[in-house]
$ cat target-v7.txt   # compact mmCIF, N, CA and C atoms
# COMPACT_ATOMS: atom_id res chain seq x y z
N MET R 1 132.47 133.65 139.36
CA MET R 1 132.16 132.27 139.12
C MET R 1 132.23 131.94 137.64
N LEU R 2 131.65 132.79 136.77
CA LEU R 2 131.69 132.57 135.34
C LEU R 2 133.11 132.62 134.80
N THR R 3 133.92 133.52 135.34
CA THR R 3 135.29 133.65 134.87
C THR R 3 136.08 132.39 135.17
N SER R 4 135.90 131.83 136.34
CA SER R 4 136.60 130.61 136.72
C SER R 4 136.18 129.44 135.84
N ALA R 5 134.90 129.32 135.57
CA ALA R 5 134.40 128.24 134.72
C ALA R 5 134.93 128.41 133.30
N ARG R 6 135.01 129.63 132.84
CA ARG R 6 135.52 129.91 131.48
C ARG R 6 137.00 129.54 131.39
N LYS R 7 137.77 129.88 132.41
CA LYS R 7 139.20 129.54 132.41
C LYS R 7 139.39 128.03 132.41
N GLU R 8 138.57 127.33 133.20
CA GLU R 8 138.67 125.87 133.25
C GLU R 8 138.32 125.25 131.90
N LYS R 9 137.32 125.81 131.23
CA LYS R 9 136.93 125.31 129.91
C LYS R 9 138.06 125.54 128.90
N ASP R 10 138.70 126.70 128.95
CA ASP R 10 139.83 127.00 128.06
C ASP R 10 140.99 126.05 128.32
N MET R 11 141.26 125.75 129.59
CA MET R 11 142.36 124.84 129.92
C MET R 11 142.05 123.42 129.42
N ASN R 12 140.80 122.99 129.54
CA ASN R 12 140.43 121.67 129.04
C ASN R 12 140.61 121.59 127.52
N ALA R 13 140.23 122.65 126.82
CA ALA R 13 140.41 122.70 125.37
C ALA R 13 141.89 122.64 125.02
N ARG R 14 142.73 123.36 125.74
CA ARG R 14 144.18 123.34 125.48
C ARG R 14 144.77 121.96 125.76
N ARG R 15 144.32 121.32 126.82
CA ARG R 15 144.80 119.97 127.13
C ARG R 15 144.40 118.99 126.01
N MET R 16 143.20 119.13 125.50
CA MET R 16 142.74 118.25 124.42
C MET R 16 143.58 118.46 123.16
N VAL R 17 143.83 119.69 122.79
CA VAL R 17 144.67 119.99 121.61
C VAL R 17 146.08 119.46 121.82
N PHE R 18 146.62 119.62 123.01
CA PHE R 18 147.96 119.10 123.31
C PHE R 18 147.99 117.58 123.20
N ALA R 19 146.96 116.89 123.73
CA ALA R 19 146.91 115.43 123.69
C ALA R 19 146.81 114.92 122.25
N VAL R 20 145.99 115.56 121.43
CA VAL R 20 145.86 115.16 120.03
C VAL R 20 147.18 115.39 119.30
N GLY R 21 147.80 116.52 119.52
CA GLY R 21 149.10 116.81 118.89
C GLY R 21 150.17 115.82 119.31
N LEU R 22 150.20 115.46 120.59
CA LEU R 22 151.18 114.49 121.08
C LEU R 22 150.94 113.12 120.44
N CYS R 23 149.69 112.71 120.33
CA CYS R 23 149.38 111.42 119.68
C CYS R 23 149.82 111.42 118.22
N MET R 24 149.62 112.54 117.54
CA MET R 24 150.03 112.62 116.14
C MET R 24 151.54 112.49 116.01
N LEU R 25 152.28 113.07 116.92
CA LEU R 25 153.74 112.96 116.87
C LEU R 25 154.22 111.55 117.22
N LEU R 26 153.59 110.92 118.20
CA LEU R 26 154.03 109.60 118.63
C LEU R 26 153.67 108.50 117.64
N PHE R 27 152.56 108.63 116.95
CA PHE R 27 152.09 107.57 116.06
C PHE R 27 152.29 107.92 114.59
N TRP R 28 153.28 108.72 114.31
CA TRP R 28 153.59 109.13 112.94
C TRP R 28 154.08 107.91 112.17
N GLY R 29 153.64 107.73 110.91
CA GLY R 29 154.09 106.58 110.12
C GLY R 29 153.86 106.81 108.64
N THR R 30 154.18 105.81 107.86
CA THR R 30 154.02 105.89 106.42
C THR R 30 152.55 105.81 106.05
N ALA R 31 152.13 106.65 105.14
CA ALA R 31 150.75 106.64 104.67
C ALA R 31 150.68 105.79 103.41
N TYR R 32 149.98 104.68 103.47
CA TYR R 32 149.83 103.81 102.31
C TYR R 32 148.63 104.24 101.49
N GLY R 33 148.70 104.02 100.19
CA GLY R 33 147.62 104.40 99.31
C GLY R 33 147.68 105.85 98.90
N THR R 34 148.81 106.50 99.17
CA THR R 34 148.99 107.90 98.81
C THR R 34 149.81 107.97 97.53
N MET R 35 149.51 108.91 96.67
CA MET R 35 150.24 109.03 95.42
C MET R 35 151.73 109.19 95.70
N GLY R 36 152.55 108.42 94.99
CA GLY R 36 153.99 108.52 95.13
C GLY R 36 154.58 107.64 96.21
N VAL R 37 153.74 106.94 96.97
CA VAL R 37 154.21 106.07 98.03
C VAL R 37 153.88 104.63 97.65
N ASP R 38 154.90 103.76 97.57
CA ASP R 38 154.67 102.36 97.25
C ASP R 38 153.83 101.71 98.34
N ASP R 39 152.89 100.88 97.93
CA ASP R 39 152.05 100.13 98.85
C ASP R 39 152.63 98.73 98.96
N ASN R 40 153.14 98.37 100.13
CA ASN R 40 153.80 97.08 100.32
C ASN R 40 152.84 95.92 100.52
N VAL R 41 151.55 96.21 100.66
CA VAL R 41 150.56 95.16 100.87
C VAL R 41 149.59 95.19 99.69
N PRO R 42 149.67 94.20 98.79
CA PRO R 42 148.77 94.21 97.64
C PRO R 42 147.32 94.00 98.08
N ALA R 43 146.43 94.71 97.45
CA ALA R 43 145.02 94.62 97.81
C ALA R 43 144.35 93.49 97.06
N GLN R 44 143.50 92.77 97.74
CA GLN R 44 142.68 91.76 97.09
C GLN R 44 141.48 92.42 96.42
N GLU R 45 141.01 93.50 97.04
CA GLU R 45 139.88 94.24 96.49
C GLU R 45 139.99 95.68 96.95
N LEU R 46 139.83 96.58 96.03
CA LEU R 46 139.86 98.00 96.33
C LEU R 46 138.51 98.58 95.93
N ILE R 47 137.84 99.19 96.86
CA ILE R 47 136.53 99.77 96.61
C ILE R 47 136.64 101.28 96.74
N PHE R 48 136.19 101.99 95.71
CA PHE R 48 136.19 103.44 95.82
C PHE R 48 134.89 103.98 95.21
N PRO R 49 134.32 104.98 95.86
CA PRO R 49 133.09 105.58 95.32
C PRO R 49 133.44 106.50 94.17
N VAL R 50 132.53 106.61 93.24
CA VAL R 50 132.70 107.55 92.14
C VAL R 50 131.58 108.58 92.21
N ILE R 51 131.94 109.81 91.98
CA ILE R 51 130.97 110.90 92.01
C ILE R 51 130.70 111.28 90.56
N CYS R 52 129.47 111.18 90.18
CA CYS R 52 129.08 111.40 88.80
C CYS R 52 127.73 112.09 88.83
N GLU R 53 127.73 113.40 88.86
CA GLU R 53 126.47 114.15 88.96
C GLU R 53 125.71 114.02 87.65
N GLY R 54 124.53 113.46 87.71
CA GLY R 54 123.75 113.33 86.50
C GLY R 54 122.44 112.63 86.74
N THR R 55 121.69 112.49 85.66
CA THR R 55 120.42 111.79 85.69
C THR R 55 120.16 111.25 84.29
N ILE R 56 119.03 110.61 84.09
CA ILE R 56 118.64 110.12 82.77
C ILE R 56 117.64 111.12 82.20
N GLY R 57 117.91 111.63 81.00
CA GLY R 57 117.06 112.64 80.38
C GLY R 57 115.81 112.05 79.75
N ALA R 58 114.99 112.91 79.15
CA ALA R 58 113.74 112.49 78.52
C ALA R 58 113.98 111.54 77.35
N ASP R 59 115.15 111.64 76.72
CA ASP R 59 115.48 110.77 75.59
C ASP R 59 116.16 109.48 76.03
N ASN R 60 116.11 109.18 77.36
CA ASN R 60 116.71 107.98 77.96
C ASN R 60 118.23 107.94 77.82
N GLN R 61 118.85 109.08 77.72
CA GLN R 61 120.31 109.17 77.66
C GLN R 61 120.79 109.88 78.94
N PRO R 62 121.99 109.53 79.45
CA PRO R 62 122.47 110.22 80.65
C PRO R 62 122.75 111.69 80.38
N VAL R 63 122.36 112.52 81.34
CA VAL R 63 122.62 113.96 81.30
C VAL R 63 123.46 114.27 82.51
N PHE R 64 124.65 114.84 82.32
CA PHE R 64 125.59 115.03 83.41
C PHE R 64 125.72 116.49 83.81
N GLY R 65 126.05 116.68 85.09
CA GLY R 65 126.37 118.00 85.61
C GLY R 65 127.88 118.21 85.56
N THR R 66 128.40 119.02 86.47
CA THR R 66 129.82 119.36 86.45
C THR R 66 130.68 118.43 87.29
N LEU R 67 130.11 117.62 88.19
CA LEU R 67 130.90 116.75 89.04
C LEU R 67 131.24 115.45 88.31
N ASN R 68 132.51 115.06 88.37
CA ASN R 68 132.96 113.84 87.71
C ASN R 68 134.16 113.31 88.48
N THR R 69 134.41 112.01 88.43
CA THR R 69 135.55 111.40 89.08
C THR R 69 136.46 110.81 88.00
N PHE R 70 137.74 111.19 88.02
CA PHE R 70 138.75 110.62 87.14
C PHE R 70 139.65 109.74 87.99
N TRP R 71 140.17 108.65 87.43
CA TRP R 71 141.02 107.76 88.21
C TRP R 71 142.12 107.16 87.36
N SER R 72 143.14 106.69 88.05
CA SER R 72 144.19 105.89 87.44
C SER R 72 144.73 104.96 88.51
N TYR R 73 145.47 103.94 88.11
CA TYR R 73 146.07 102.99 89.04
C TYR R 73 147.40 102.58 88.45
N ALA R 74 148.28 102.08 89.31
CA ALA R 74 149.64 101.74 88.88
C ALA R 74 150.10 100.43 89.49
N GLU R 75 150.96 99.73 88.76
CA GLU R 75 151.60 98.51 89.25
C GLU R 75 152.96 98.94 89.80
N THR R 76 153.21 98.71 91.08
CA THR R 76 154.43 99.23 91.72
C THR R 76 155.39 98.14 92.17
N LYS R 77 155.07 96.87 91.98
CA LYS R 77 155.92 95.79 92.46
C LYS R 77 156.85 95.24 91.38
N GLY R 78 156.71 95.68 90.14
CA GLY R 78 157.53 95.16 89.06
C GLY R 78 157.08 93.80 88.57
N GLN R 79 155.78 93.54 88.59
CA GLN R 79 155.24 92.25 88.18
C GLN R 79 154.08 92.46 87.21
N ASP R 80 153.86 91.47 86.32
CA ASP R 80 152.66 91.49 85.50
C ASP R 80 151.46 91.36 86.44
N THR R 81 150.46 92.19 86.23
CA THR R 81 149.29 92.18 87.11
C THR R 81 148.03 92.19 86.28
N TYR R 82 147.11 91.34 86.64
CA TYR R 82 145.79 91.32 86.00
C TYR R 82 144.78 91.80 87.03
N LEU R 83 143.88 92.66 86.60
CA LEU R 83 142.88 93.16 87.53
C LEU R 83 141.52 93.22 86.85
N GLU R 84 140.50 93.27 87.67
CA GLU R 84 139.13 93.35 87.18
C GLU R 84 138.48 94.57 87.81
N LEU R 85 137.94 95.43 86.98
CA LEU R 85 137.20 96.60 87.44
C LEU R 85 135.72 96.27 87.36
N VAL R 86 134.99 96.61 88.41
CA VAL R 86 133.57 96.26 88.49
C VAL R 86 132.78 97.50 88.87
N LEU R 87 131.68 97.74 88.17
CA LEU R 87 130.74 98.81 88.52
C LEU R 87 129.54 98.16 89.18
N ARG R 88 129.19 98.62 90.38
CA ARG R 88 128.06 98.07 91.12
C ARG R 88 127.04 99.17 91.39
N ASP R 89 125.80 98.76 91.50
CA ASP R 89 124.77 99.72 91.92
C ASP R 89 124.75 99.77 93.45
N ARG R 90 123.82 100.53 94.00
CA ARG R 90 123.76 100.69 95.45
C ARG R 90 123.46 99.39 96.18
N LYS R 91 122.82 98.45 95.53
CA LYS R 91 122.50 97.17 96.16
C LYS R 91 123.66 96.19 96.07
N GLY R 92 124.71 96.53 95.32
CA GLY R 92 125.86 95.66 95.19
C GLY R 92 125.81 94.76 93.96
N ASP R 93 124.78 94.91 93.13
CA ASP R 93 124.68 94.12 91.91
C ASP R 93 125.71 94.60 90.89
N VAL R 94 126.39 93.68 90.24
CA VAL R 94 127.38 94.02 89.22
C VAL R 94 126.66 94.42 87.94
N LEU R 95 126.94 95.64 87.47
CA LEU R 95 126.33 96.14 86.24
C LEU R 95 127.28 96.09 85.07
N TRP R 96 128.59 96.07 85.33
CA TRP R 96 129.59 96.13 84.27
C TRP R 96 130.91 95.71 84.86
N ASP R 97 131.71 94.98 84.10
CA ASP R 97 133.06 94.66 84.57
C ASP R 97 134.04 94.71 83.39
N TYR R 98 135.30 94.86 83.73
CA TYR R 98 136.34 95.04 82.72
C TYR R 98 137.64 94.45 83.27
N ASP R 99 138.34 93.69 82.46
CA ASP R 99 139.63 93.13 82.84
C ASP R 99 140.73 93.98 82.23
N ASP R 100 141.79 94.22 82.99
CA ASP R 100 142.93 95.01 82.51
C ASP R 100 144.22 94.27 82.86
N HIS R 101 145.22 94.47 82.05
CA HIS R 101 146.53 93.86 82.27
C HIS R 101 147.56 94.98 82.39
N LEU R 102 148.29 94.98 83.50
CA LEU R 102 149.36 95.97 83.71
C LEU R 102 150.70 95.26 83.64
N THR R 103 151.62 95.77 82.84
CA THR R 103 152.98 95.26 82.81
C THR R 103 153.73 95.90 83.97
N PRO R 104 154.95 95.43 84.29
CA PRO R 104 155.68 96.02 85.42
C PRO R 104 155.81 97.54 85.31
N ARG R 105 155.47 98.21 86.40
CA ARG R 105 155.53 99.67 86.54
C ARG R 105 154.60 100.40 85.57
N ASP R 106 153.57 99.74 85.11
CA ASP R 106 152.62 100.31 84.17
C ASP R 106 151.57 101.12 84.93
N VAL R 107 150.99 102.10 84.25
CA VAL R 107 149.92 102.92 84.82
C VAL R 107 148.68 102.71 83.96
N GLY R 108 147.55 102.46 84.60
CA GLY R 108 146.31 102.23 83.86
C GLY R 108 145.30 103.30 84.18
N PRO R 109 144.17 103.28 83.58
CA PRO R 109 143.64 102.26 82.70
C PRO R 109 144.25 102.34 81.31
N ASN R 110 144.29 101.18 80.64
CA ASN R 110 144.92 101.10 79.34
C ASN R 110 143.98 101.34 78.18
N GLU R 111 142.69 101.44 78.44
CA GLU R 111 141.72 101.75 77.39
C GLU R 111 140.83 102.89 77.86
N ASP R 112 140.20 103.58 76.91
CA ASP R 112 139.52 104.82 77.21
C ASP R 112 138.21 104.79 77.97
N PRO R 113 137.26 103.93 77.75
CA PRO R 113 135.95 104.21 78.32
C PRO R 113 135.90 104.15 79.85
N ILE R 114 137.02 103.91 80.51
CA ILE R 114 136.95 103.77 81.95
C ILE R 114 137.85 104.74 82.70
N ARG R 115 138.19 105.86 82.14
CA ARG R 115 139.06 106.83 82.81
C ARG R 115 138.28 107.79 83.71
N ASP R 116 136.99 107.90 83.52
CA ASP R 116 136.19 108.79 84.35
C ASP R 116 134.77 108.27 84.45
N CYS R 117 134.05 108.75 85.44
CA CYS R 117 132.71 108.24 85.74
C CYS R 117 131.73 108.48 84.60
N GLN R 118 131.74 109.67 84.02
CA GLN R 118 130.75 109.97 82.99
C GLN R 118 130.94 109.08 81.76
N SER R 119 132.18 108.85 81.34
CA SER R 119 132.43 107.95 80.22
C SER R 119 132.03 106.53 80.56
N TRP R 120 132.26 106.15 81.81
CA TRP R 120 131.91 104.81 82.28
C TRP R 120 130.41 104.58 82.16
N VAL R 121 129.62 105.53 82.65
CA VAL R 121 128.17 105.38 82.61
C VAL R 121 127.69 105.36 81.16
N LYS R 122 128.27 106.19 80.29
CA LYS R 122 127.86 106.22 78.88
C LYS R 122 128.15 104.89 78.18
N SER R 123 129.16 104.14 78.66
CA SER R 123 129.56 102.90 77.99
C SER R 123 128.71 101.69 78.38
N ILE R 124 127.87 101.81 79.41
CA ILE R 124 127.04 100.67 79.83
C ILE R 124 125.66 100.76 79.18
N ASN R 125 124.94 99.65 79.18
CA ASN R 125 123.63 99.63 78.50
C ASN R 125 122.58 100.41 79.29
N LEU R 126 121.48 100.70 78.61
CA LEU R 126 120.42 101.53 79.18
C LEU R 126 119.83 100.92 80.45
N PHE R 127 119.63 99.59 80.48
CA PHE R 127 119.09 98.93 81.66
C PHE R 127 119.99 99.17 82.88
N ALA R 128 121.31 99.04 82.70
CA ALA R 128 122.25 99.27 83.79
C ALA R 128 122.24 100.74 84.21
N GLN R 129 122.13 101.65 83.26
CA GLN R 129 122.06 103.07 83.60
C GLN R 129 120.84 103.36 84.47
N GLN R 130 119.69 102.75 84.13
CA GLN R 130 118.47 102.96 84.90
C GLN R 130 118.64 102.45 86.34
N LYS R 131 119.41 101.36 86.53
CA LYS R 131 119.62 100.81 87.87
C LYS R 131 120.50 101.72 88.74
N LEU R 132 121.22 102.64 88.12
CA LEU R 132 122.06 103.58 88.87
C LEU R 132 121.27 104.75 89.43
N LEU R 133 120.04 104.94 88.97
CA LEU R 133 119.23 106.07 89.44
C LEU R 133 118.79 105.86 90.88
N THR R 134 118.87 106.92 91.66
CA THR R 134 118.36 106.90 93.03
C THR R 134 117.87 108.30 93.37
N THR R 135 117.00 108.41 94.35
CA THR R 135 116.48 109.70 94.77
C THR R 135 117.05 110.06 96.13
N ILE R 136 117.70 111.20 96.20
CA ILE R 136 118.27 111.71 97.45
C ILE R 136 117.78 113.15 97.62
N GLY R 137 117.12 113.41 98.70
CA GLY R 137 116.61 114.76 98.97
C GLY R 137 115.65 115.26 97.90
N GLY R 138 114.86 114.35 97.32
CA GLY R 138 113.90 114.74 96.31
C GLY R 138 114.48 114.93 94.92
N ARG R 139 115.77 114.66 94.77
CA ARG R 139 116.44 114.83 93.48
C ARG R 139 116.92 113.49 92.97
N THR R 140 116.60 113.15 91.72
CA THR R 140 117.01 111.88 91.13
C THR R 140 118.40 112.04 90.54
N ILE R 141 119.32 111.16 90.96
CA ILE R 141 120.71 111.24 90.51
C ILE R 141 121.22 109.85 90.16
N LEU R 142 122.36 109.82 89.44
CA LEU R 142 123.07 108.56 89.19
C LEU R 142 123.96 108.27 90.36
N TRP R 143 124.02 107.02 90.80
CA TRP R 143 124.81 106.64 91.97
C TRP R 143 125.55 105.36 91.66
N ALA R 144 126.87 105.37 91.76
CA ALA R 144 127.66 104.16 91.46
C ALA R 144 128.80 104.02 92.45
N THR R 145 129.30 102.79 92.61
CA THR R 145 130.51 102.54 93.39
C THR R 145 131.38 101.57 92.64

$ encode --input "target-v7.txt" --output "structure tokens"
Amino acid sequence: MLTSARKEKDMNARRMVFAVGLCMLLFWGTAYGTMGVDDNVPAQELIFPVICEGTIGADNQPVFGTLNTFWSYAETKGQDTYLELVLRDRKGDVLWDYDDHLTPRDVGPNEDPIRDCQSWVKSINLFAQQKLLTTIGGRTILWAT
């Protein structure tokens, strides 16, 4: 009895793997938002989380760990593009914003303080840095999106 149930369970698992594989083959398509692939639909708003391991030290300055997020963006349509970068806290309040201009086929950011999360946090005022603090699992960390 156990052997028969085990065989049936193995067959169900094989059928599931086959069905997933078949769906992947049938619904294969272009992946948008991937490096090196032009995105044919311009975004009105792009939201991405940033990982920035750190906290505020005793001297009220940010103290960072080893985790950091670096980013870049590109204009792929051959047009002048203006964009606004916004740093929000967990509640969605805007703590900092920056306007950038990309010429055709340009890659940004065009100025330094916004190439990575740690530099970004260091460039904002102390009040905004304090608003990024949150406690997760008993540990106080900086949290931004």

$ select_by_dssp --input "target-v7.txt" --residues "range 84-137 of chain R" --states "alpha helix (DSSP H)" --output "PDB file with N, CA and C atoms, keeping the file's coordinate frame"
ATOM      1  N   CYS R 117     134.050 108.750  85.440  1.00  0.00           N
ATOM      2  CA  CYS R 117     132.710 108.240  85.740  1.00  0.00           C
ATOM      3  C   CYS R 117     131.730 108.480  84.600  1.00  0.00           C
ATOM      4  N   GLN R 118     131.740 109.670  84.020  1.00  0.00           N
ATOM      5  CA  GLN R 118     130.750 109.970  82.990  1.00  0.00           C
ATOM      6  C   GLN R 118     130.940 109.080  81.760  1.00  0.00           C
ATOM      7  N   SER R 119     132.180 108.850  81.340  1.00  0.00           N
ATOM      8  CA  SER R 119     132.430 107.950  80.220  1.00  0.00           C
ATOM      9  C   SER R 119     132.030 106.530  80.560  1.00  0.00           C
ATOM     10  N   TRP R 120     132.260 106.150  81.810  1.00  0.00           N
ATOM     11  CA  TRP R 120     131.910 104.810  82.280  1.00  0.00           C
ATOM     12  C   TRP R 120     130.410 104.580  82.160  1.00  0.00           C
ATOM     13  N   VAL R 121     129.620 105.530  82.650  1.00  0.00           N
ATOM     14  CA  VAL R 121     128.170 105.380  82.610  1.00  0.00           C
ATOM     15  C   VAL R 121     127.690 105.360  81.160  1.00  0.00           C
ATOM     16  N   LYS R 122     128.270 106.190  80.290  1.00  0.00           N
ATOM     17  CA  LYS R 122     127.860 106.220  78.880  1.00  0.00           C
ATOM     18  C   LYS R 122     128.150 104.890  78.180  1.00  0.00           C
ATOM     19  N   SER R 123     129.160 104.140  78.660  1.00  0.00           N
ATOM     20  CA  SER R 123     129.560 102.900  77.990  1.00  0.00           C
ATOM     21  C   SER R 123     128.710 101.690  78.380  1.00  0.00           C
ATOM     22  N   LEU R 126     121.480 100.700  78.610  1.00  0.00           N
ATOM     23  CA  LEU R 126     120.420 101.530  79.180  1.00  0.00           C
ATOM     24  C   LEU R 126     119.830 100.920  80.450  1.00  0.00           C
ATOM     25  N   PHE R 127     119.630  99.590  80.480  1.00  0.00           N
ATOM     26  CA  PHE R 127     119.090  98.930  81.660  1.00  0.00           C
ATOM     27  C   PHE R 127     119.990  99.170  82.880  1.00  0.00           C
ATOM     28  N   ALA R 128     121.310  99.040  82.700  1.00  0.00           N
ATOM     29  CA  ALA R 128     122.250  99.270  83.790  1.00  0.00           C
ATOM     30  C   ALA R 128     122.240 100.740  84.210  1.00  0.00           C
ATOM     31  N   GLN R 129     122.130 101.650  83.260  1.00  0.00           N
ATOM     32  CA  GLN R 129     122.060 103.070  83.600  1.00  0.00           C
ATOM     33  C   GLN R 129     120.840 103.360  84.470  1.00  0.00           C
ATOM     34  N   GLN R 130     119.690 102.750  84.130  1.00  0.00           N
ATOM     35  CA  GLN R 130     118.470 102.960  84.900  1.00  0.00           C
ATOM     36  C   GLN R 130     118.640 102.450  86.340  1.00  0.00           C
ATOM     37  N   LYS R 131     119.410 101.360  86.530  1.00  0.00           N
ATOM     38  CA  LYS R 131     119.620 100.810  87.870  1.00  0.00           C
ATOM     39  C   LYS R 131     120.500 101.720  88.740  1.00  0.00           C
TER      40      LYS R 131
END

$ residues_around --input "target-v7.txt" --residues "range 126-140 of chain R" --least-positions-apart "2" --cutoff "7 Å" --atoms "only N, CA and C atoms" --output "JSON, numbers by chain"
{"R": [54, 55, 56, 60, 89, 90, 95, 121, 124, 142, 143, 144]}

$ closest_residue --input "target-v7.txt" --among "R:Leu26, R:Leu85, R:Arg105, R:Asp93" --to "Trp120 in chain R" --atoms "only C-alpha atoms"
R:Leu85

$ residues_around --input "target-v7.txt" --residues "Glu53 in chain R" --least-positions-apart "2" --cutoff "6.5 Å" --atoms "only N, CA and C atoms" --output "PyMOL selection string"
chain R and resi 51+55+63-68+141-142

$ write_last_selection --input "target-v7.txt" --atoms "N, CA and C atoms" --output "tab-separated table (two decimals), in the frame of the given file"
chain	number	residue	atom	x	y	z
R	51	ILE	N	131.94	109.81	91.98
R	51	ILE	CA	130.97	110.90	92.01
R	51	ILE	C	130.70	111.28	90.56
R	55	THR	N	121.69	112.49	85.66
R	55	THR	CA	120.42	111.79	85.69
R	55	THR	C	120.16	111.25	84.29
R	63	VAL	N	122.36	112.52	81.34
R	63	VAL	CA	122.62	113.96	81.30
R	63	VAL	C	123.46	114.27	82.51
R	64	PHE	N	124.65	114.84	82.32
R	64	PHE	CA	125.59	115.03	83.41
R	64	PHE	C	125.72	116.49	83.81
R	65	GLY	N	126.05	116.68	85.09
R	65	GLY	CA	126.37	118.00	85.61
R	65	GLY	C	127.88	118.21	85.56
R	66	THR	N	128.40	119.02	86.47
R	66	THR	CA	129.82	119.36	86.45
R	66	THR	C	130.68	118.43	87.29
R	67	LEU	N	130.11	117.62	88.19
R	67	LEU	CA	130.90	116.75	89.04
R	67	LEU	C	131.24	115.45	88.31
R	68	ASN	N	132.51	115.06	88.37
R	68	ASN	CA	132.96	113.84	87.71
R	68	ASN	C	134.16	113.31	88.48
R	141	ILE	N	119.32	111.16	90.96
R	141	ILE	CA	120.71	111.24	90.51
R	141	ILE	C	121.22	109.85	90.16
R	142	LEU	N	122.36	109.82	89.44
R	142	LEU	CA	123.07	108.56	89.19
R	142	LEU	C	123.96	108.27	90.36

$ select_by_dssp --input "target-v7.txt" --residues "range 8-143 of chain R" --states "strand (DSSP E or B)" --output "PyMOL selection string"
chain R and resi 50+54-56+62-64+70+73-74+81-88+94-102+107-108+116+133-136+139-142
